[in-house]
Structure formats: structure tokens, C-alpha cells
file model_39.txt (compact mmCIF, C-alpha atoms)
# COMPACT_ATOMS: atom_id res chain seq x y z
CA GLU A 60 27.95 -193.22 -58.15
CA PRO A 61 24.86 -195.25 -59.02
CA GLU A 62 25.23 -198.96 -58.55
CA VAL A 63 23.43 -202.21 -59.15
CA THR A 64 22.08 -203.72 -55.97
CA GLN A 65 21.15 -207.33 -55.37
CA THR A 66 19.21 -208.93 -52.57
CA PRO A 67 19.56 -211.10 -50.67
CA SER A 68 23.29 -211.53 -50.44
CA HIS A 69 22.84 -215.15 -49.42
CA GLN A 70 19.82 -217.38 -49.93
CA VAL A 71 19.53 -220.90 -48.58
CA THR A 72 16.68 -223.02 -49.87
CA GLN A 73 15.62 -226.63 -49.99
CA MET A 74 15.63 -228.58 -53.21
CA GLY A 75 12.34 -228.21 -55.06
CA GLN A 76 11.52 -224.84 -53.57
CA GLU A 77 11.04 -221.66 -55.57
CA VAL A 78 13.44 -218.77 -55.15
CA ILE A 79 13.38 -215.22 -56.41
CA LEU A 80 16.59 -213.28 -56.69
CA ARG A 81 16.17 -209.55 -56.84
CA CYS A 82 18.16 -206.88 -58.60
CA VAL A 83 17.78 -203.14 -58.91
CA PRO A 84 19.69 -202.02 -62.00
CA ILE A 85 20.98 -198.52 -62.47
CA SER A 86 17.95 -196.37 -63.20
CA ASN A 87 18.78 -195.13 -66.71
CA HIS A 88 20.04 -198.49 -67.96
CA LEU A 89 17.92 -200.44 -70.41
CA TYR A 90 19.79 -203.73 -70.87
CA PHE A 91 19.82 -206.24 -68.07
CA TYR A 92 21.60 -209.54 -67.60
CA TRP A 93 21.87 -212.49 -65.27
CA TYR A 94 25.02 -214.58 -64.94
CA ARG A 95 26.08 -217.26 -62.55
CA GLN A 96 29.30 -218.76 -61.38
CA ILE A 97 29.33 -222.16 -59.77
CA LEU A 98 32.16 -222.33 -57.25
CA GLY A 99 35.40 -223.14 -58.99
CA GLN A 100 33.87 -223.10 -62.45
CA LYS A 101 33.64 -220.58 -65.23
CA VAL A 102 31.13 -217.79 -65.57
CA GLU A 103 27.90 -218.77 -67.31
CA PHE A 104 25.57 -216.45 -69.14
CA LEU A 105 21.92 -217.01 -68.32
CA VAL A 106 19.79 -214.35 -69.96
CA SER A 107 19.68 -210.83 -71.33
CA PHE A 108 16.61 -208.63 -71.19
CA TYR A 109 15.66 -205.52 -73.12
CA ASN A 110 12.43 -203.64 -73.69
CA ASN A 111 10.54 -205.90 -71.33
CA GLU A 112 11.43 -209.09 -73.07
CA ILE A 113 14.19 -211.64 -73.21
CA SER A 114 16.78 -210.84 -75.87
CA GLU A 115 18.92 -213.92 -75.55
CA LYS A 116 19.07 -216.91 -73.25
CA SER A 117 21.44 -219.79 -72.77
CA GLU A 118 20.73 -223.49 -72.61
CA ILE A 119 20.91 -223.26 -68.84
CA PHE A 120 17.92 -220.94 -68.84
CA ASP A 121 15.27 -223.63 -69.21
CA ASP A 122 11.61 -223.64 -68.24
CA GLN A 123 12.55 -223.61 -64.56
CA PHE A 124 13.92 -220.09 -64.94
CA SER A 125 12.11 -216.86 -65.61
CA VAL A 126 12.87 -213.16 -65.45
CA GLU A 127 10.64 -210.23 -64.85
CA ARG A 128 10.74 -206.49 -64.50
CA PRO A 129 7.58 -206.11 -62.47
CA ASP A 130 7.64 -202.45 -61.60
CA GLY A 131 10.15 -200.63 -63.78
CA SER A 132 12.72 -200.78 -61.03
CA ASN A 133 13.34 -204.35 -59.96
CA PHE A 134 14.66 -207.06 -62.23
CA THR A 135 14.06 -210.52 -60.83
CA LEU A 136 15.26 -214.02 -61.57
CA LYS A 137 12.94 -216.81 -60.49
CA ILE A 138 13.87 -220.46 -60.22
CA ARG A 139 10.67 -222.45 -59.90
CA SER A 140 11.95 -225.71 -58.50
CA THR A 141 15.53 -225.49 -57.37
CA LYS A 142 18.00 -228.30 -57.84
CA LEU A 143 21.23 -228.95 -56.00
CA GLU A 144 23.18 -227.96 -59.10
CA ASP A 145 21.60 -224.50 -59.05
CA SER A 146 23.85 -223.62 -56.11
CA ALA A 147 26.03 -220.78 -57.36
CA MET A 148 26.72 -217.06 -57.19
CA TYR A 149 24.17 -215.22 -59.28
CA PHE A 150 25.14 -211.84 -60.65
CA CYS A 151 22.89 -209.22 -62.13
CA ALA A 152 24.30 -206.62 -64.49
CA SER A 153 23.01 -203.64 -66.42
CA ARG A 154 24.20 -201.50 -69.28
CA GLU A 155 23.15 -198.13 -70.61
CA TYR A 156 21.55 -198.15 -74.04
CA GLY A 157 23.39 -196.50 -76.94
CA THR A 158 26.73 -196.27 -75.21
CA PRO A 159 28.93 -199.12 -76.43
CA ASN A 160 31.83 -197.68 -74.47
CA SER A 161 29.95 -198.27 -71.25
CA PRO A 162 30.97 -201.35 -69.35
CA LEU A 163 28.52 -203.66 -67.67
CA HIS A 164 27.78 -202.68 -64.10
CA PHE A 165 27.46 -205.62 -61.75
CA GLY A 166 25.80 -206.16 -58.45
CA ASN A 167 27.65 -207.87 -55.63
CA GLY A 168 25.86 -211.11 -56.29
CA THR A 169 23.53 -213.47 -54.46
CA ARG A 170 24.98 -216.70 -53.19
CA LEU A 171 22.32 -219.37 -53.63
CA THR A 172 22.73 -222.56 -51.64
CA VAL A 173 20.33 -225.39 -52.40
CA THR A 174 20.28 -228.15 -49.79
CA ILE B 122 24.48 -217.26 -78.99
CA LEU B 123 28.03 -216.20 -78.22
CA ASN B 124 29.76 -214.28 -80.97
CA VAL B 125 32.79 -213.65 -78.82
CA GLU B 126 35.21 -216.48 -78.15
CA GLN B 127 38.07 -216.69 -75.73
CA SER B 128 41.01 -219.02 -75.60
CA PRO B 129 42.27 -220.90 -73.82
CA GLN B 130 39.38 -221.78 -71.52
CA SER B 131 41.76 -222.31 -68.64
CA LEU B 132 45.39 -221.71 -67.97
CA HIS B 133 47.68 -222.82 -65.17
CA VAL B 134 50.96 -220.95 -64.72
CA GLN B 135 53.64 -220.65 -62.08
CA GLU B 136 54.16 -217.49 -60.08
CA GLY B 137 56.46 -215.20 -62.02
CA ASP B 138 55.50 -216.52 -65.44
CA SER B 139 54.16 -214.12 -68.01
CA THR B 140 51.06 -215.18 -69.87
CA ASN B 141 48.57 -214.04 -72.45
CA PHE B 142 45.18 -215.05 -73.76
CA THR B 143 42.91 -214.15 -76.63
CA CYS B 144 39.49 -212.74 -77.25
CA SER B 145 38.09 -213.17 -80.78
CA PHE B 146 35.11 -211.31 -82.16
CA PRO B 147 33.47 -210.66 -85.54
CA SER B 148 35.45 -207.81 -87.08
CA SER B 149 32.36 -206.80 -89.07
CA ASN B 150 30.35 -206.10 -85.94
CA PHE B 151 32.58 -204.29 -83.53
CA TYR B 152 31.75 -201.45 -81.19
CA ALA B 153 34.04 -201.57 -78.19
CA LEU B 154 36.02 -204.31 -76.55
CA HIS B 155 35.86 -204.63 -72.79
CA TRP B 156 38.05 -206.77 -70.58
CA TYR B 157 36.87 -207.75 -67.10
CA ARG B 158 38.52 -209.55 -64.25
CA TRP B 159 36.21 -211.77 -62.22
CA GLU B 160 37.33 -213.40 -59.03
CA THR B 161 35.17 -216.16 -57.66
CA ALA B 162 32.41 -214.87 -55.36
CA LYS B 163 33.19 -211.24 -56.15
CA SER B 164 31.80 -208.72 -58.63
CA PRO B 165 33.54 -208.40 -61.97
CA GLU B 166 36.02 -205.58 -62.21
CA ALA B 167 36.32 -203.63 -65.44
CA LEU B 168 39.93 -203.59 -66.64
CA PHE B 169 39.95 -201.94 -70.05
CA VAL B 170 37.71 -200.51 -72.73
CA MET B 171 39.25 -200.35 -76.19
CA THR B 172 37.66 -198.86 -79.25
CA LEU B 173 40.29 -198.16 -81.92
CA ASN B 174 42.33 -200.54 -84.00
CA GLY B 175 45.82 -200.68 -82.56
CA ASP B 176 44.71 -199.53 -79.09
CA GLU B 177 47.00 -200.60 -76.30
CA LYS B 178 46.05 -200.22 -72.66
CA LYS B 179 48.06 -200.95 -69.54
CA LYS B 180 47.24 -201.24 -65.87
CA GLY B 181 50.16 -202.29 -63.72
CA ARG B 182 51.35 -205.69 -64.89
CA ILE B 183 48.32 -206.20 -67.11
CA SER B 184 48.10 -204.87 -70.65
CA ALA B 185 45.84 -205.39 -73.65
CA THR B 186 45.98 -204.85 -77.39
CA LEU B 187 43.26 -204.61 -79.99
CA ASN B 188 43.12 -205.57 -83.68
CA THR B 189 39.69 -204.73 -85.05
CA LYS B 190 40.56 -205.62 -88.64
CA GLU B 191 41.26 -209.23 -87.80
CA GLY B 192 38.92 -209.37 -84.83
CA TYR B 193 41.00 -210.14 -81.79
CA SER B 194 42.34 -208.70 -78.58
CA TYR B 195 45.17 -210.03 -76.44
CA LEU B 196 45.44 -209.66 -72.69
CA TYR B 197 48.94 -209.95 -71.25
CA ILE B 198 49.97 -210.46 -67.64
CA LYS B 199 53.63 -209.91 -66.85
CA GLY B 200 55.11 -211.78 -63.90
CA SER B 201 51.89 -213.50 -62.78
CA GLN B 202 51.09 -213.49 -59.08
CA PRO B 203 48.68 -215.77 -57.17
CA GLU B 204 46.32 -212.80 -56.73
CA ASP B 205 45.97 -212.66 -60.52
CA SER B 206 44.05 -215.93 -60.35
CA ALA B 207 40.61 -215.14 -61.72
CA THR B 208 38.45 -215.51 -64.78
CA TYR B 209 39.20 -212.92 -67.44
CA LEU B 210 36.25 -212.06 -69.61
CA CYS B 211 35.93 -210.01 -72.75
CA ASP B 212 32.78 -208.41 -74.07
CA ASN B 213 32.04 -206.89 -77.46
CA ALA B 214 29.75 -204.11 -76.34
CA GLY B 215 26.91 -203.16 -78.61
CA ASN B 216 25.78 -206.68 -79.40
CA MET B 217 23.33 -206.73 -76.51
CA LEU B 218 25.22 -209.77 -75.49
CA THR B 219 27.40 -211.53 -73.35
CA PHE B 220 30.88 -212.27 -72.68
CA GLY B 221 33.09 -214.76 -74.26
CA GLY B 222 33.29 -217.86 -72.13
CA GLY B 223 36.26 -216.46 -70.26
CA THR B 224 39.76 -217.63 -69.58
CA ARG B 225 40.21 -219.04 -66.12
CA LEU B 226 43.72 -218.28 -64.93
CA MET B 227 45.24 -220.09 -62.00
CA VAL B 228 48.64 -218.94 -60.75
CA LYS B 229 50.48 -221.39 -58.53
CA PRO B 230 52.82 -220.00 -55.89
call {"tool": "encode", "arguments": {"input": "model_39.txt", "output": "C-alpha cells"}}
result
Amino acid sequence: EPEVTQTPSHQVTQMGQEVILRCVPISNHLYFYWYRQILGQKVEFLVSFYNNEISEKSEIFDDQFSVERPDGSNFTLKIRSTKLEDSAMYFCASREYGTPNSPLHFGNGTRLTVT
Amino acid sequence: ILNVEQSPQSLHVQEGDSTNFTCSFPSSNFYALHWYRWETAKSPEALFVMTLNGDEKKKGRISATLNTKEGYSYLYIKGSQPEDSATYLCDNAGNMLTFGGGTRLMVKP
């Protein structure tokens, strides 16, 4: 069964550095999402992406964040200048267009640790 | 941004207690209601998809009901166990959007 894949599984970076988290959604899906979960806290929506542009974004998704679908396959989340509070599990998800019965399909997540 | 709301935001129960929480959505803009279970540091697990008013779904000790006319779904857990501790999320598919904020359940042994 097709699945969403995320790389790397764990990323350690120093505060102020740029990171790129990568996701390969399921190939026939058209809606893409990023979420994060800070350890011990609730899930937070970051951004949704459709037709090569952002559909919705949360307050968390400020100018330090950006998303891109550079090659029709990958879907990336970039944090330009990481902060300690960006440490979290980041999950990518995708959904097939036109099928409201279809659940979101999630990757296994990238654990980002900012030191 | 969020047109789905969940309550309560967090819930602490003792092992063996039964519990329930709510997902509210706009009844005028409903496609399908999804419940997910999300343990910390793991991928979310799809629990139920419900589409018709009056739908009831069950999976072990967990069950869910749907009222599309009034715009809510209830998730019930019978005899909570520590392994039920997770965030439970609902999603109104078709809105190109997001989950409700989730209900974080913590079951104490």
C-alpha cells in the first residue's frame, strides 16, 4: 500500500540554522499538510497546500517557515532560522482530492531537535 | 481557520473509567467525519470514518456516534486503559482543512 515517507527521521540542528524537512506524499494525492507536536503538548496545524500554493496556515507558520513542492514529488518544510521552541515532531500528511471519505495519510514524522 | 472544534482540550481519568468527548462542526458544510488517535511521537491512526447522520461505529472499547443535523460527533471509551492515553483528533473531510484542536486523554493507572 502506498505510504507517505518523511526524511530524516531525526534532525539535530543548532539554533539559528536552517533546516529542511522532506516528505514524499502518496503520488495521486493533491492536498498536503504539515503538523507538529511538541513533546507532551497537543497537535498543532501548520499549513495546508493545494495546487502549488498554500491553502491555509496557522499563526505558528510565520515568515520563518516556508513550504515547497519543488519537483512534483517532494513536499518540503523549511525553517529558516530555527529556535529552541521549534523542537518537535513534524508530521507530513496527504489526502486524495475529491474523496471526502479518504482519511489523511501520515508519514512517520521527523523529530527535530534544536540545541 | 479551524471550523472544527473539540472539547474538552484535555481530560484526565482513572484506569477503568469510561469517558467521552465531543467534536463539533458546521452542519451546513459536512462531508465525512474522521476520528484519529495520535500517540506522542507516533503517526496518527485512523479510527473511524462516518458519513451518515446517526452512524455509529465501534472498535473494541472505542465507539463513535454522528449527528450531522446538529453538527457533532461523540467518541466514547469504555473502561479506559493507560494505553488509551493519546490525543484524539477529528477532521471534517472536504474542507481542505485541519483537525479540531484535539482532546488529549491521559489515563492514570
call {"tool": "closest_atom_pairs", "arguments": {"input": "model_39.txt", "of": "chain B", "to": "chain A", "cutoff": "12 Å", "atoms": "only C-alpha atoms", "output": "Markdown table"}}
result
| residue | atom | partner | partner_atom | distance |
| --- | --- | --- | --- | --- |
| B:Ile122 | CA | A:Glu115 | CA | 7.3 |
| B:Leu123 | CA | A:Ser117 | CA | 9.3 |
| B:Gln130 | CA | A:Lys101 | CA | 8.6 |
| B:Ser131 | CA | A:Lys101 | CA | 9.0 |
| B:Asn150 | CA | A:Pro159 | CA | 11.9 |
| B:Phe151 | CA | A:Pro159 | CA | 9.5 |
| B:Tyr152 | CA | A:Pro159 | CA | 6.0 |
| B:Ala153 | CA | A:Asn160 | CA | 5.8 |
| B:Leu154 | CA | A:Asn160 | CA | 8.1 |
| B:His155 | CA | A:Pro162 | CA | 6.8 |
| B:Trp156 | CA | A:Pro162 | CA | 9.0 |
| B:Tyr157 | CA | A:Pro162 | CA | 9.0 |
| B:Arg158 | CA | A:Val102 | CA | 11.1 |
| B:Trp159 | CA | A:Val102 | CA | 8.6 |
| B:Glu160 | CA | A:Gly99 | CA | 9.9 |
| B:Thr161 | CA | A:Leu98 | CA | 6.9 |
| B:Ala162 | CA | A:Met148 | CA | 6.4 |
| B:Lys163 | CA | A:Asn167 | CA | 6.5 |
| B:Ser164 | CA | A:Asn167 | CA | 5.2 |
| B:Pro165 | CA | A:Phe165 | CA | 6.7 |
| B:Glu166 | CA | A:Phe165 | CA | 8.6 |
| B:Ala167 | CA | A:Pro162 | CA | 7.0 |
| B:Leu168 | CA | A:Pro162 | CA | 9.6 |
| B:Phe169 | CA | A:Pro162 | CA | 9.0 |
| B:Val170 | CA | A:Asn160 | CA | 6.8 |
| B:Met171 | CA | A:Asn160 | CA | 8.1 |
| B:Thr172 | CA | A:Asn160 | CA | 7.6 |
| B:Leu173 | CA | A:Asn160 | CA | 11.3 |
| B:Ser206 | CA | A:Gly99 | CA | 11.3 |
| B:Ala207 | CA | A:Lys101 | CA | 9.5 |
| B:Thr208 | CA | A:Lys101 | CA | 7.0 |
| B:Tyr209 | CA | A:Val102 | CA | 9.6 |
| B:Leu210 | CA | A:Val102 | CA | 8.7 |
| B:Cys211 | CA | A:Pro162 | CA | 10.5 |
| B:Asp212 | CA | A:Pro162 | CA | 8.7 |
| B:Asn213 | CA | A:Pro159 | CA | 8.4 |
| B:Ala214 | CA | A:Pro159 | CA | 5.1 |
| B:Gly215 | CA | A:Pro159 | CA | 5.0 |
| B:Asn216 | CA | A:Pro159 | CA | 8.7 |
| B:Met217 | CA | A:Tyr90 | CA | 7.3 |
| B:Leu218 | CA | A:Ser107 | CA | 7.0 |
| B:Thr219 | CA | A:Phe104 | CA | 6.7 |
| B:Phe220 | CA | A:Phe104 | CA | 7.6 |
| B:Gly221 | CA | A:Phe104 | CA | 9.3 |
| B:Gly222 | CA | A:Val102 | CA | 6.9 |
| B:Gly223 | CA | A:Lys101 | CA | 7.0 |
| B:Thr224 | CA | A:Lys101 | CA | 8.1 |
| B:Arg225 | CA | A:Lys101 | CA | 6.8 |
| B:Leu226 | CA | A:Lys101 | CA | 10.3 |
| B:Met227 | CA | A:Gly99 | CA | 10.7 |
call {"tool": "residues_around", "arguments": {"input": "model_39.txt", "residues": "range 195-201 of chain B", "least_positions_apart": "3", "cutoff": "9 Å", "atoms": "only C-alpha atoms", "output": "PyMOL selection string"}}
result
chain B and resi 134-145+156+181-188+204-206+209+228
call {"tool": "atom_distance", "arguments": {"input": "model_39.txt", "atom1": "CA of Gln73 in chain A", "atom2": "CA of Ile119 in chain A"}}
result
19.9 Å
call {"tool": "atom_distance", "arguments": {"input": "model_39.txt", "atom1": "CA of Thr72 in chain A", "atom2": "CA of Glu144 in chain A"}}
result
12.3 Å
call {"tool": "residues_near_point", "arguments": {"input": "model_39.txt", "point": "(16.3, -217.4, -52.3)", "cutoff": "9 Å", "atoms": "all atoms listed in the file", "output": "VMD selection string"}}
result
chain A and resid 66 to 67 69 to 72 76 to 80 137 to 138 169 to 173
call {"tool": "write_last_selection", "arguments": {"input": "model_39.txt", "atoms": "C-alpha atoms", "output": "short mmCIF file (atom, residue, chain, number, x, y, z; two decimals), in the coordinates of the input"}}
result
data_model
loop_
_atom_site.label_atom_id
_atom_site.label_comp_id
_atom_site.auth_asym_id
_atom_site.auth_seq_id
_atom_site.Cartn_x
_atom_site.Cartn_y
_atom_site.Cartn_z
CA THR A 66 19.21 -208.93 -52.57
CA PRO A 67 19.56 -211.10 -50.67
CA HIS A 69 22.84 -215.15 -49.42
CA GLN A 70 19.82 -217.38 -49.93
CA VAL A 71 19.53 -220.90 -48.58
CA THR A 72 16.68 -223.02 -49.87
CA GLN A 76 11.52 -224.84 -53.57
CA GLU A 77 11.04 -221.66 -55.57
CA VAL A 78 13.44 -218.77 -55.15
CA ILE A 79 13.38 -215.22 -56.41
CA LEU A 80 16.59 -213.28 -56.69
CA LYS A 137 12.94 -216.81 -60.49
CA ILE A 138 13.87 -220.46 -60.22
CA THR A 169 23.53 -213.47 -54.46
CA ARG A 170 24.98 -216.70 -53.19
CA LEU A 171 22.32 -219.37 -53.63
CA THR A 172 22.73 -222.56 -51.64
CA VAL A 173 20.33 -225.39 -52.40
#
call {"tool": "atom_distance", "arguments": {"input": "model_39.txt", "atom1": "CA of Phe124 in chain A", "atom2": "CA of Ser68 in chain A"}}
result
19.3 Å
call {"tool": "closest_residue", "arguments": {"input": "model_39.txt", "among": "B:Glu191, B:Ser149, B:Glu126, B:Pro230", "to": "Pro203 in chain B", "atoms": "all atoms listed in the file"}}
result
B:Pro230
call {"tool": "closest_residue", "arguments": {"input": "model_39.txt", "among": "A:Met74, A:Ser86, A:Glu112, A:Ser132", "to": "Asp145 in chain A", "atoms": "all atoms listed in the file"}}
result
A:Met74
